[in-house]
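Raw input16.cif, mmCIF, C-alpha atoms and all ligand atoms:
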```cif
data_protein
#
loop_
_atom_site.label_atom_id
_atom_site.label_comp_id
_atom_site.auth_asym_id
_atom_site.auth_seq_id
_atom_site.Cartn_x
_atom_site.Cartn_y
_atom_site.Cartn_z
CA MET A 1 151.56 199.34 80.85
CA LEU A 2 149.11 196.50 81.05
CA THR A 3 149.82 193.00 82.27
CA LEU A 4 147.97 189.96 81.09
CA LYS A 5 147.85 187.45 83.91
CA ALA A 6 146.38 184.06 83.37
CA GLN A 7 146.45 180.55 84.66
CA GLY A 8 147.48 178.05 82.04
CA VAL A 9 147.62 174.41 81.22
CA LEU A 10 150.51 172.69 79.47
CA ILE A 11 149.69 171.28 76.06
CA GLU A 12 153.29 170.52 75.24
CA GLY A 13 155.89 169.55 77.84
CA SER A 14 155.16 168.04 81.24
CA PRO A 15 154.67 169.87 84.54
CA GLU A 16 157.65 167.99 86.00
CA GLU A 17 159.90 169.16 83.19
CA LEU A 18 158.69 172.74 83.56
CA ARG A 19 159.25 172.63 87.30
CA LYS A 20 162.78 171.33 86.73
CA GLU A 21 163.57 174.10 84.23
CA LEU A 22 162.23 176.79 86.53
CA TYR A 23 164.20 175.32 89.40
CA ILE A 24 167.44 175.35 87.38
CA THR A 25 166.75 178.92 86.27
CA ARG A 26 166.14 180.04 89.83
CA ARG A 27 169.35 178.38 90.98
CA ALA A 28 171.33 180.15 88.25
CA ILE A 29 169.86 183.56 89.13
CA GLN A 30 170.48 182.96 92.82
CA TYR A 31 174.10 181.98 92.12
CA ILE A 32 174.70 185.27 90.32
CA ILE A 33 172.92 187.22 93.06
CA ASP A 34 175.23 185.60 95.62
CA CYS A 35 178.29 186.54 93.57
CA LEU A 36 177.17 190.13 93.02
CA TRP A 37 176.28 190.57 96.64
CA GLU A 38 179.95 190.13 97.57
CA LEU A 39 181.05 192.97 95.33
CA ASP A 40 181.21 196.58 96.48
CA LYS A 41 180.36 197.92 93.07
CA LEU A 42 177.90 196.36 90.66
CA PRO A 43 179.47 195.35 87.34
CA THR A 44 178.06 196.81 84.14
CA ILE A 45 175.91 194.65 81.88
CA ASN A 46 178.91 194.29 79.59
CA GLN A 47 181.10 193.07 82.41
CA LEU A 48 178.37 190.67 83.54
CA HIS A 49 178.26 189.28 80.06
CA GLN A 50 181.99 188.61 80.13
CA ILE A 51 181.84 186.95 83.53
CA PHE A 52 178.67 184.86 83.28
CA TYR A 53 177.61 184.36 79.68
CA LYS A 54 179.84 181.40 78.86
CA LEU A 55 179.16 179.84 82.22
CA LEU A 56 175.42 179.97 81.68
CA ARG A 57 175.69 178.75 78.13
CA ASN A 58 177.66 175.75 79.38
CA GLN A 59 174.73 174.94 81.65
CA GLY A 60 172.57 174.63 78.57
CA PHE A 61 170.82 178.01 78.81
CA ARG A 62 169.89 179.60 75.52
CA ALA A 63 171.65 182.80 74.42
CA HIS A 64 168.85 185.17 75.31
CA GLN A 65 167.90 183.21 78.37
CA SER A 66 171.47 183.68 79.68
CA LYS A 67 171.25 187.43 79.13
CA GLN A 68 167.87 187.55 80.88
CA ILE A 69 169.32 185.68 83.83
CA TYR A 70 172.28 187.94 84.56
CA LYS A 71 170.31 191.10 83.84
CA TYR A 72 167.53 190.02 86.16
CA ALA A 73 170.00 189.06 88.91
CA ARG A 74 171.66 192.45 88.62
CA ALA A 75 168.32 194.28 88.80
CA ILE A 76 167.35 192.37 91.94
CA VAL A 77 170.65 193.13 93.69
CA LYS A 78 170.49 196.76 92.64
CA SER A 79 167.02 197.31 94.00
CA ALA A 80 167.76 195.40 97.23
CA ARG A 81 170.80 197.64 97.81
CA GLU A 82 168.86 200.79 97.05
CA ASN A 83 166.25 199.77 99.57
CA GLY A 84 168.93 198.86 102.10
CA GLY A 85 167.65 195.30 102.32
CA LYS A 86 169.28 191.96 103.04
CA LYS A 87 170.65 189.67 100.39
CA PRO A 88 167.69 188.59 98.26
CA ILE A 89 166.73 184.92 98.31
CA LEU A 90 164.49 183.85 95.45
CA LYS A 91 161.49 181.81 96.47
CA LYS A 92 159.22 181.88 93.46
CA LEU A 93 159.68 179.37 90.69
CA SER A 94 159.61 181.58 87.65
CA ALA A 95 161.44 182.41 84.47
CA ARG A 96 161.44 185.47 82.26
CA VAL A 97 161.56 184.65 78.61
CA ASP A 98 162.08 187.32 75.99
CA LYS A 99 160.86 187.62 72.40
CA TYR A 100 163.53 185.38 70.97
CA ASP A 101 162.53 182.39 73.05
CA ALA A 102 158.77 182.90 73.25
CA LYS A 103 155.78 183.03 70.97
CA VAL A 104 152.54 184.64 72.02
CA ASP A 105 149.37 183.76 70.13
CA LEU A 106 146.60 185.70 71.84
CA LYS A 107 144.07 184.73 69.23
CA ASN A 108 144.35 181.07 70.07
CA GLN A 109 145.34 181.86 73.66
CA ILE A 110 148.58 179.94 73.46
CA VAL A 111 152.05 180.83 74.66
CA GLU A 112 155.12 178.90 73.65
CA VAL A 113 158.35 179.26 75.59
CA LYS A 114 161.76 177.69 75.17
CA LEU A 115 163.74 177.00 78.29
CA ARG A 116 167.19 175.56 77.50
CA ASN A 117 166.40 172.84 74.96
CA LYS A 118 162.83 172.24 76.06
CA VAL A 119 159.69 173.64 74.51
CA PHE A 120 156.58 174.29 76.55
CA LYS A 121 153.23 175.21 75.10
CA ILE A 122 150.77 176.73 77.51
CA LYS A 123 147.11 177.33 76.85
CA PHE A 124 145.40 180.07 78.85
CA LEU A 125 142.59 179.05 81.14
CA HIS A 126 140.81 182.34 81.13
CA ASN A 127 137.76 183.80 79.56
CA ARG A 128 138.08 184.98 75.99
CA ASP A 129 136.90 188.52 76.63
CA TYR A 130 139.72 189.09 79.08
CA ILE A 131 142.38 187.84 76.69
CA ARG A 132 140.86 189.72 73.75
CA LYS A 133 141.47 192.99 75.57
CA PHE A 134 145.17 192.50 74.99
CA ASN A 135 144.93 191.56 71.34
CA GLY A 136 147.22 193.49 69.03
CA ARG A 137 149.39 194.97 71.74
CA LYS A 138 153.14 194.72 71.75
CA TRP A 139 154.72 192.38 74.24
CA TYR A 140 158.40 191.99 74.96
CA GLU A 141 158.64 189.24 77.53
CA VAL A 142 156.72 186.37 79.07
CA ILE A 143 156.99 185.35 82.70
CA VAL A 144 156.18 181.71 83.36
CA SER A 145 155.79 180.49 86.90
CA ILE A 146 154.45 177.70 89.05
CA ASP A 147 152.58 178.88 92.11
CA SER A 148 152.46 177.34 95.58
CA GLN A 149 149.51 175.19 94.58
CA GLY A 150 151.37 173.81 91.59
CA ARG A 151 149.43 175.79 88.99
CA VAL A 152 151.11 177.09 85.88
CA ARG A 153 150.86 180.86 85.54
CA VAL A 154 151.73 183.16 82.71
CA SER A 155 152.03 186.90 82.84
CA ILE A 156 152.80 189.12 79.89
CA PRO A 157 153.49 192.81 80.37
CA LEU A 158 152.22 194.72 77.36
CA ARG A 159 153.53 198.12 76.60
CA ARG A 160 151.26 200.79 75.32
CA ILE A 161 152.61 204.24 74.73
CA TYR A 162 149.83 206.76 74.33
CA ARG A 163 151.05 209.86 72.58
CA PRO A 164 148.02 211.82 71.40
CA TYR A 165 148.82 213.90 68.34
CA ARG A 166 148.44 217.67 68.19
CA LEU A 167 144.85 218.19 67.27
CA ARG A 168 143.60 220.42 64.52
CA LYS A 169 139.85 219.93 64.87
CA LEU A 170 137.19 218.49 67.11
CA ILE A 171 134.53 215.85 66.72
CA SER A 172 131.86 215.90 69.39
CA LEU A 173 129.57 213.01 70.22
CA ASP A 174 126.20 213.07 71.86
CA ILE A 175 125.23 209.57 72.87
CA ASN A 176 121.80 208.27 73.61
CA LEU A 177 120.22 204.86 73.53
CA LYS A 178 118.77 205.19 70.04
CA LYS A 179 121.46 207.07 68.22
CA ILE A 180 124.75 208.84 68.34
CA VAL A 181 124.94 212.36 67.00
CA ILE A 182 128.30 213.44 65.61
CA TYR A 183 129.34 217.02 64.94
CA ASP A 184 132.63 218.02 63.37
CA GLY A 185 132.11 221.78 63.23
CA GLU A 186 130.57 221.57 59.78
CA GLY A 187 127.87 218.98 59.53
CA ILE A 188 125.80 216.83 61.80
CA ARG A 189 125.56 213.12 61.35
CA ARG A 190 123.31 210.64 63.10
CA ILE A 191 124.12 207.00 63.48
CA ASP A 192 121.62 204.50 64.82
CA THR A 193 122.93 202.37 67.64
CA ARG A 194 121.97 198.75 68.17
CA PHE A 195 121.24 199.39 71.82
CA ILE A 196 117.47 199.29 71.30
CA GLU A 197 117.86 195.82 69.83
CA ALA A 198 119.86 194.82 72.91
CA LEU A 199 117.15 196.31 75.07
CA SER A 200 114.39 194.38 73.34
CA LEU A 201 116.19 191.11 74.12
CA LYS A 202 116.30 192.09 77.77
CA VAL A 203 112.63 192.97 77.68
CA HIS A 204 111.93 189.60 76.12
CA ALA A 205 113.91 187.86 78.88
CA GLU A 206 111.95 189.74 81.52
CA MET A 207 108.66 188.77 79.88
CA ILE A 208 109.59 185.10 80.02
CA GLN A 209 110.55 185.51 83.63
CA LYS A 210 107.18 187.05 84.41
CA LYS A 211 105.27 184.48 82.44
CA TYR A 212 106.94 181.63 84.32
CA SER A 213 107.36 183.57 87.51
CA ARG A 214 107.34 180.47 89.70
CA MET A 215 109.26 177.97 87.69
CA TRP A 216 111.88 179.79 85.58
CA ARG A 217 114.54 179.41 88.22
CA TYR A 218 114.16 175.63 88.31
CA ASN A 219 113.38 174.79 84.72
CA LYS A 220 116.63 174.30 82.88
CA ARG A 221 115.18 174.98 79.46
CA ILE A 222 113.59 178.29 80.48
CA LEU A 223 116.63 179.29 82.46
CA ASN A 224 118.89 178.67 79.48
CA ARG A 225 116.60 180.65 77.24
CA ILE A 226 116.71 183.62 79.62
CA LYS A 227 120.47 183.39 79.99
CA SER A 228 120.96 183.23 76.25
CA LEU A 229 118.85 186.35 75.72
CA HIS A 230 120.93 188.28 78.25
CA ARG A 231 124.13 187.03 76.68
CA LYS A 232 122.98 188.05 73.20
CA SER A 233 121.97 191.46 74.47
CA ARG A 234 125.37 191.97 76.06
CA ASN A 235 127.20 190.84 72.94
CA ILE A 236 125.24 193.25 70.78
CA VAL A 237 126.26 196.14 73.03
CA LEU A 238 129.91 195.06 73.12
CA ASP A 239 130.20 194.33 69.40
CA TRP A 240 128.45 197.47 68.32
CA SER A 241 130.46 199.63 70.73
CA ARG A 242 133.71 198.22 69.41
CA LYS A 243 132.67 198.78 65.81
CA PHE A 244 131.51 202.32 66.43
CA ALA A 245 134.63 203.12 68.45
CA LYS A 246 136.83 202.01 65.60
CA TYR A 247 134.81 203.99 63.07
CA VAL A 248 134.88 207.23 65.05
CA VAL A 249 138.51 206.92 66.12
CA LEU A 250 139.69 206.38 62.54
CA LYS A 251 137.50 209.24 61.36
CA ALA A 252 139.03 211.50 64.02
CA ARG A 253 142.54 210.40 63.13
CA ARG A 254 142.08 211.18 59.45
CA ALA A 255 141.14 214.78 60.25
CA ARG A 256 143.60 215.03 63.16
CA SER A 257 140.64 215.69 65.42
CA ALA A 258 140.15 215.16 69.11
CA ILE A 259 137.03 213.28 70.18
CA VAL A 260 134.86 215.21 72.60
CA LEU A 261 132.64 213.27 74.99
CA GLU A 262 130.47 214.14 77.91
CA ASN A 263 131.97 212.96 81.13
CA LEU A 264 129.16 210.71 82.18
CA ASN A 265 130.94 208.97 85.03
CA LYS A 266 129.22 211.21 87.49
CA LEU A 267 125.81 210.36 86.14
CA TRP A 268 126.35 206.62 86.17
CA PHE A 269 127.50 206.51 89.72
CA ASN A 270 125.08 209.05 91.02
CA ALA A 271 122.93 206.98 93.37
CA SER A 272 119.83 209.11 92.93
CA ARG A 273 119.77 208.27 89.24
CA LYS A 274 120.44 204.61 89.76
CA SER A 275 117.06 203.30 88.88
CA SER A 276 116.55 199.61 88.35
CA SER A 277 114.39 199.89 85.24
CA LEU A 278 115.63 197.89 82.29
CA VAL A 279 116.10 200.98 80.16
CA ASP A 280 118.22 202.74 82.77
CA LYS A 281 120.26 199.66 83.50
CA LEU A 282 120.95 199.03 79.85
CA SER A 283 121.69 202.72 79.23
CA ARG A 284 124.29 202.77 81.95
CA PHE A 285 125.83 199.55 80.72
CA ALA A 286 125.87 200.72 77.09
CA TYR A 287 127.32 204.15 77.89
CA ARG A 288 130.03 202.62 80.00
CA LYS A 289 130.99 200.03 77.39
CA LEU A 290 130.89 202.55 74.56
CA GLN A 291 133.02 205.05 76.44
CA LEU A 292 135.51 202.32 77.31
CA ALA A 293 135.63 201.10 73.72
CA ILE A 294 136.27 204.62 72.41
CA MET A 295 139.00 205.23 74.97
CA THR A 296 140.70 201.92 74.22
CA LYS A 297 140.69 202.56 70.49
CA ALA A 298 141.80 206.17 70.96
CA ILE A 299 144.79 204.98 72.98
CA GLU A 300 145.61 202.46 70.29
CA TYR A 301 145.58 205.13 67.57
CA ASN A 302 146.92 208.04 69.66
CA VAL A 303 143.76 210.05 69.20
CA PRO A 304 143.26 212.75 71.84
CA ILE A 305 140.04 212.67 73.87
CA ILE A 306 138.45 215.59 75.66
CA PHE A 307 135.86 215.10 78.37
CA ILE A 308 133.51 217.95 79.12
CA ASN A 309 131.07 218.60 81.93
CA PRO A 310 127.65 217.34 80.78
CA LYS A 311 125.67 219.83 82.86
CA ASP A 312 122.85 221.52 80.87
CA THR A 313 124.27 220.58 77.48
CA SER A 314 120.77 220.09 76.10
CA THR A 315 119.15 223.13 77.68
CA THR A 316 121.60 225.97 76.95
CA CYS A 317 121.51 228.02 73.77
CA PRO A 318 124.77 227.26 71.92
CA ARG A 319 124.79 230.70 70.41
CA CYS A 320 124.02 233.06 73.30
CA GLY A 321 124.04 230.85 76.38
CA VAL A 322 120.56 231.50 77.77
CA LYS A 323 118.20 228.71 78.76
CA LEU A 324 116.28 227.18 75.87
CA VAL A 325 112.57 226.56 75.74
CA TYR A 326 111.49 223.20 74.38
CA ASN A 327 108.47 222.44 72.28
CA HIS A 328 108.54 218.64 72.08
CA ARG A 329 112.04 217.93 70.81
CA LEU A 330 112.51 221.32 69.21
CA ALA A 331 114.45 223.91 71.18
CA MET A 332 114.04 227.64 70.83
CA CYS A 333 116.02 230.52 72.20
CA GLY A 334 113.86 233.44 73.29
CA LYS A 335 116.78 235.81 73.05
CA CYS A 336 118.61 235.10 69.78
CA ARG A 337 115.90 233.05 68.01
CA PHE A 338 118.17 230.03 67.60
CA ILE A 339 116.14 226.94 66.68
CA ALA A 340 117.27 223.34 66.58
CA ASP A 341 116.28 219.89 67.73
CA ARG A 342 117.47 218.42 70.98
CA ASP A 343 120.25 216.28 69.47
CA THR A 344 121.74 219.23 67.61
CA VAL A 345 121.72 221.38 70.72
CA GLY A 346 123.44 218.66 72.73
CA VAL A 347 126.17 217.82 70.27
CA VAL A 348 126.91 221.46 69.41
CA ASN A 349 127.12 222.43 73.08
CA ILE A 350 129.50 219.56 73.73
CA TYR A 351 131.63 220.82 70.85
CA ILE A 352 131.59 224.42 72.05
CA ARG A 353 132.47 223.48 75.60
CA ALA A 354 135.60 221.70 74.43
CA LEU A 355 136.45 224.62 72.18
CA ARG A 356 136.10 227.14 75.01
CA GLY A 357 138.32 225.01 77.18
CA MET A 358 141.11 225.33 74.64
CA ARG A 359 140.50 228.81 73.24
CA GLY A 360 143.41 230.04 71.19
CA SER A 361 144.93 226.70 70.46
CA ILE A 362 142.92 225.90 67.35
CA GLY A 363 141.83 229.20 65.92
CA SER A 364 139.22 231.56 67.22
CA PRO A 365 136.04 229.91 68.45
CA LEU A 366 134.04 232.53 66.59
CA ASN A 367 135.25 231.20 63.26
CA VAL A 368 133.88 227.81 63.99
CA LEU A 369 130.87 228.77 66.03
CA PRO A 370 128.11 226.77 64.41
CA MET A 371 124.67 227.81 63.31
CA LYS A 372 125.73 230.70 61.18
CA ASP A 373 123.52 230.84 58.12
CA GLU A 374 125.91 228.90 55.97
CA THR A 375 126.19 226.09 58.49
CA ARG A 376 122.48 225.95 58.73
CA GLN A 377 122.08 225.70 55.03
CA ARG A 378 124.64 223.01 54.78
CA GLU A 379 122.79 221.10 57.39
CA GLU A 380 119.55 221.38 55.52
CA THR A 381 121.08 219.61 52.59
CA ILE A 382 121.35 216.52 54.71
CA ASN A 383 118.22 214.61 54.04
CA GLU A 384 116.97 213.80 57.50
CA PRO A 385 113.74 214.21 59.44
CA MET A 386 115.21 216.82 61.76
CA THR A 387 115.82 219.29 58.95
CA ALA A 388 112.20 218.90 57.92
CA HIS A 389 111.28 220.01 61.42
CA ILE A 390 113.35 223.12 61.12
CA LYS A 391 111.84 224.00 57.77
CA THR A 392 108.27 223.61 58.90
CA TYR A 393 108.98 225.56 62.01
CA THR A 394 110.68 228.47 60.29
CA SER A 395 108.04 228.74 57.62
CA THR A 396 105.17 229.04 60.06
ZN ZN A 401 120.33 232.12 72.04
#
```
For the file at hand, write its structure as structure tokens.
Amino acid sequence: MLTLKAQGVLIEGSPEELRKELYITRRAIQYIIDCLWELDKLPTINQLHQIFYKLLRNQGFRAHQSKQIYKYARAIVKSARENGGKKPILKKLSARVDKYDAKVDLKNQIVEVKLRNKVFKIKFLHNRDYIRKFNGRKWYEVIVSIDSQGRVRVSIPLRRIYRPYRLRKLISLDINLKKIVIYDGEGIRRIDTRFIEALSLKVHAEMIQKKYSRMWRYNKRILNRIKSLHRKSRNIVLDWSRKFAKYVVLKARRARSAIVLENLNKLWFNASRKSSSLVDKLSRFAYRKLQLAIMTKAIEYNVPIIFINPKDTSTTCPRCGVKLVYNHRLAMCGKCRFIADRDTVGVVNIYIRALRGMRGSIGSPLNVLPMKDETRQREETINEPMTAHIKTYTST
């Protein structure tokens, strides 16, 4: 469950009218609380309906609003009794409005609620990125309130049920700044990221800062230029991460695969690796945003995710497990003569680690262990520089 909480401003209806409606609502709920508190046994919802519905309707409350009111009053009394508390006295000015009396337009950041015969339109005063996070999620009620400082507040609980499907296959991802390597047990695919582009904007911003080392802070034009470069860089990372996340999540869902990622949290927060160089800073930022984007999309589409320990994924032989020797980016195994480039080693090891962790649940690992001759051949049909490396190496 996620809750969108935002301050808002009325674009239809006046603050005085809203305050009055919230006050009347609170009084109605309190009245029912007082009644229920006198009873030894709480009435059922059905009984409440019979007792209070007409009464509330006569006060001008809308049909669903009336139901919300007695249900809410009952829930408050119930929980106060269970906690052995005193009779609850409502202090906050707030109203819960369900689907039938509210409209939520997250795209335009507007909420419309009907309280009795009044309509209130509230526009969120919050940054777009925050609101966008909730886009497309199912909501079932809106809580409108006025806080002690007289500000209008809206909160919308959004339900998200994550039920990952039973997986049949795996897709592993090896992420670096330049590209993402994808392995699905059959073929390897490389996708260029836009992170280098984002990095170059940051480098550009830093160059301007150095060039005008004394005045950039005070010159509005230069300052705006620097800010805009950073903003563009950030947007590239966010946009690209979202796009890639959607692509890979949908790809995984089609094949009923789980997505396998290295658990990089440890690396990001490891102080010894926290260098302040632009590349490292951007890498950490990009990894974090990409991981978050993939997780968010996976939850949306019920795609399972497996995190594996990233230790030595690029230095262990995927076939026999001994330490690999590197010649530039080409890795060789002294024991079993396995040869591949660094990206292949990484992504295949990530895949195998996930497979080992779930041995037996999706067939024998040996059946899918990569780098048998046929897998190798299939990989060579992909027209990419890396395969050229393998060919030249094996022929010499
Ligand atoms: Zn080996």
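When all atoms listed in the file are used to measure the gap to ligand ZN 401 (chain A), the shortest distance among A:Leu355, A:Val322, A:Ile350, A:Ala258 belongs to A:Val322.
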**Request:** Compute the set of protein, DNA and RNA residues whose minimum atom distance to ligand ZN 401 (chain A) is at most 6 Å, using all atoms listed in the file, and state it as a PyMOL selection string.
**Result:** chain A and resi 317+319-322+333+335-336+338
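Distances from A:Val279, A:Ala75, A:Ala102, A:Ala95 to Ala28 (chain A) were compared using all atoms listed in the file, and the smallest one belongs to A:Ala95.
The gap separating CA of Glu186 (chain A) from CA of Lys323 (chain A) is 23.8 Å, in Å to one decimal.
Using only C-alpha atoms, the shortest contact distance between Val203 (chain A) and any of A:Leu264, A:Leu278, A:Leu36, A:Ala255 is found at A:Leu278.
Counting from CA of Arg132 (chain A), the distance to CA of Gln109 (chain A) is 9.0 Å.
Residues surrounding Gln68 (chain A) within 8 Å are A:His64, A:Tyr72, A:Arg96, A:Val97, A:Asp98 [all atoms listed in the file; sequence separation below 4 positions excluded].
Every protein, DNA or RNA residue with an atom at most 12 Å from Lys41 (chain A), where all atoms listed in the file count and chain neighbours fewer than 5 positions away do not, is listed here: Cys35, Leu36, Gln47, Arg74, Val77, Lys78 and Arg81 of chain A.
Of the listed residues A:Asn135, A:Thr193, A:Ser148, A:Asn108, the one whose atoms come nearest to Arg160 (chain A) is A:Asn135, with distances taken using all atoms listed in the file.
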**Request:** Considering only C-alpha atoms, return as an MDAnalysis selection string whatever protein or nucleic-acid residues lie within 7 Å of region 230-238 of chain A, sequence-local ones (same chain, fewer than 5 positions apart) excluded.
**Result:** chainID A and resid 194:195 198:199 201:202 286 289
